[in-house]
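One structure is given here, and the rest of the page talks about it.
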Amino acid sequence: MSKIVKTIAALLFPACLVFGAYVVLHGHLTPGGGFQGGAVMATAAALLLVAGIPLASKHEGRYHALEALGLGLFLFFAFVGLGAASGSFFFNALASHGFFGQAVAPGPNPGNLHTSGTIAWMNLAVGIEVLGGISVILYALREAARGEGDGKAEGDGK
Amino acid sequence: MKLRTVLSAVAVLLLAAFLAEMAGLVPFGDPPSPAMDEWFLARAQEETGANNVVTSIVFDYRGFDTLGEACVLFTAVLGVALALRKRDRQSEIAPPADEEEA
């Protein structure tokens, strides 16, 4: 790809990541959540792929790990509910403990980021999983496209 | 054969239990019945601590559904990674180790 495309992609890459992280972290306050925010963050990886910026291919193996880590974290926070007294699987045991553990103001209000307990943590876990999963798919497709046309230039594949 | 009879009986009993349970649900195609909506709207904030009621349903009340979705995504990615894995070491007969990592 041309220098213009590469420059713009490099400029938009951090903005994509930050916006995706915002959607994930505010999943319990605004529309969106882990699935949507993770997809936005994966768009950043797609941007690098399409523009042919070589930085991304170094971290390819780590996306597998990210995906597994996300699913594991989600299950972990589901099991946390079992630890509480009178708790159950998926019980929101962290609603009054920890980083997201402040009490929510009743009624309509602009919202406080530090509320909702396990919901925020699960959003984070799902965001990590979706980011890893979609990136794995993108890189697998890129490798497959590269394998088909062996004579083609390296930066051409998507 | 005896095991099969027992399993069939269990299946029939389960089916009957589910059908009996379904009789107590909200009638099919009855959107004006607002009991469930109001229940969630009134309690979601204090029970889950989330201002976004949709998220509180997806990640708390129906957490199992989201767990299934996450597993579906995981399995789909697994399938894609397996189907499109690198084939540059095709000549080796022994299955490569990275198949299991995926």
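Residues in the structure tokens are numbered from 1 in each chain, the chains being A, B, ... in the order shown, and ligands are numbered from 1 in the order shown.
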(request) Compile the residues of chain A that lie within 6 Å of chain B, evaluated using only C-alpha atoms, and express the compilation as a PyMOL selection string. (result) chain A and resi 28-29+104+115-116+119+133+140+144
(request) Mind the document's chain letters and residue numbers, and return as a ChimeraX atom specification the residues of chain A that DSSP labels helix (DSSP H, G or I). (result) /A:3-25,34-51,54-83,118-148,154-156
Could you dump the residues just selected with C-alpha atoms as a compact mmCIF listing (two decimals), in the first residue's frame?
```
# COMPACT_ATOMS: atom_id res chain seq x y z
CA LYS A 3 2.67 5.79 2.00
CA ILE A 4 -0.55 7.82 2.38
CA VAL A 5 -2.59 4.77 3.36
CA LYS A 6 0.09 3.60 5.77
CA THR A 7 0.35 7.00 7.44
CA ILE A 8 -3.40 7.41 7.88
CA ALA A 9 -3.75 3.85 9.16
CA ALA A 10 -0.99 4.45 11.70
CA LEU A 11 -2.76 7.63 12.80
CA LEU A 12 -6.15 5.95 13.15
CA PHE A 13 -4.81 2.83 14.88
CA PRO A 14 -4.53 4.30 18.42
CA ALA A 15 -7.84 6.13 18.02
CA CYS A 16 -9.56 2.84 17.11
CA LEU A 17 -8.02 1.10 20.13
CA VAL A 18 -9.00 3.90 22.51
CA PHE A 19 -12.58 4.06 21.23
CA GLY A 20 -12.91 0.26 21.50
CA ALA A 21 -11.56 0.35 25.04
CA TYR A 22 -14.05 3.10 25.86
CA VAL A 23 -16.97 1.05 24.55
CA VAL A 24 -15.79 -1.99 26.54
CA LEU A 25 -15.19 -0.14 29.81
CA GLY A 34 -17.59 -6.41 25.42
CA PHE A 35 -18.66 -7.85 22.09
CA GLN A 36 -19.05 -4.52 20.33
CA GLY A 37 -15.97 -2.89 21.84
CA GLY A 38 -13.85 -5.94 21.11
CA ALA A 39 -14.93 -5.79 17.48
CA VAL A 40 -13.97 -2.10 17.33
CA MET A 41 -10.54 -2.91 18.77
CA ALA A 42 -10.13 -5.73 16.25
CA THR A 43 -10.83 -3.15 13.54
CA ALA A 44 -7.57 -1.51 14.58
CA ALA A 45 -5.75 -4.78 13.86
CA ALA A 46 -7.58 -5.03 10.53
CA LEU A 47 -6.42 -1.50 9.71
CA LEU A 48 -2.78 -2.49 10.16
CA LEU A 49 -3.32 -5.65 8.11
CA VAL A 50 -4.99 -3.90 5.18
CA ALA A 51 -2.39 -1.15 5.13
CA PRO A 54 4.56 -5.05 9.37
CA LEU A 55 4.36 -4.29 13.12
CA ALA A 56 1.24 -6.39 13.50
CA SER A 57 2.54 -9.70 12.19
CA LYS A 58 5.04 -10.00 15.04
CA HIS A 59 2.27 -10.34 17.62
CA GLU A 60 0.21 -12.85 15.71
CA GLY A 61 0.68 -15.71 18.16
CA ARG A 62 -0.38 -13.60 21.11
CA TYR A 63 -3.94 -13.18 19.80
CA HIS A 64 -4.53 -16.90 20.36
CA ALA A 65 -3.49 -16.41 23.97
CA LEU A 66 -5.69 -13.30 24.30
CA GLU A 67 -8.72 -15.22 23.13
CA ALA A 68 -8.23 -18.06 25.56
CA LEU A 69 -7.45 -15.62 28.37
CA GLY A 70 -10.69 -13.72 27.72
CA LEU A 71 -12.87 -16.82 27.87
CA GLY A 72 -11.04 -17.99 30.98
CA LEU A 73 -11.54 -14.65 32.70
CA PHE A 74 -15.24 -14.66 31.85
CA LEU A 75 -15.65 -18.11 33.39
CA PHE A 76 -13.59 -17.03 36.40
CA PHE A 77 -15.90 -14.10 37.13
CA ALA A 78 -18.90 -16.38 36.68
CA PHE A 79 -17.44 -18.72 39.32
CA VAL A 80 -16.72 -15.80 41.65
CA GLY A 81 -20.45 -15.75 42.34
CA LEU A 82 -20.17 -19.16 43.98
CA GLY A 83 -17.80 -17.75 46.58
CA THR A 118 -18.77 -8.50 37.86
CA ILE A 119 -20.65 -7.03 34.89
CA ALA A 120 -17.83 -4.59 34.18
CA TRP A 121 -15.20 -7.29 34.66
CA MET A 122 -17.07 -9.67 32.36
CA ASN A 123 -17.36 -6.94 29.74
CA LEU A 124 -13.60 -6.56 29.96
CA ALA A 125 -13.09 -10.33 29.62
CA VAL A 126 -15.42 -10.60 26.64
CA GLY A 127 -13.74 -7.59 25.03
CA ILE A 128 -10.36 -9.29 25.33
CA GLU A 129 -11.78 -12.51 23.90
CA VAL A 130 -13.44 -10.83 20.92
CA LEU A 131 -10.32 -8.78 20.18
CA GLY A 132 -8.20 -11.94 20.20
CA GLY A 133 -10.69 -14.07 18.30
CA ILE A 134 -11.40 -11.67 15.44
CA SER A 135 -7.70 -10.89 15.10
CA VAL A 136 -6.93 -14.62 14.82
CA ILE A 137 -9.52 -14.91 12.05
CA LEU A 138 -8.12 -11.85 10.24
CA TYR A 139 -4.55 -13.16 10.35
CA ALA A 140 -5.65 -16.65 9.30
CA LEU A 141 -7.46 -15.15 6.29
CA ARG A 142 -4.40 -13.05 5.44
CA GLU A 143 -2.16 -16.11 5.56
CA ALA A 144 -4.61 -18.07 3.41
CA ALA A 145 -4.80 -15.27 0.84
CA ARG A 146 -1.01 -15.09 0.78
CA GLY A 147 -0.74 -18.83 0.26
CA GLU A 148 -3.12 -18.81 -2.73
CA GLU A 154 3.91 -9.50 0.37
CA GLY A 155 1.92 -6.42 1.28
CA ASP A 156 -0.87 -7.26 -1.13
```
(request) Work out how far apart atom CA of A:Ala103 and atom CA of A:Gly117 are and give it in Å to one decimal. (result)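 Atom CA of A:Ala103 sits 9.5 Å away from atom CA of A:Gly117.
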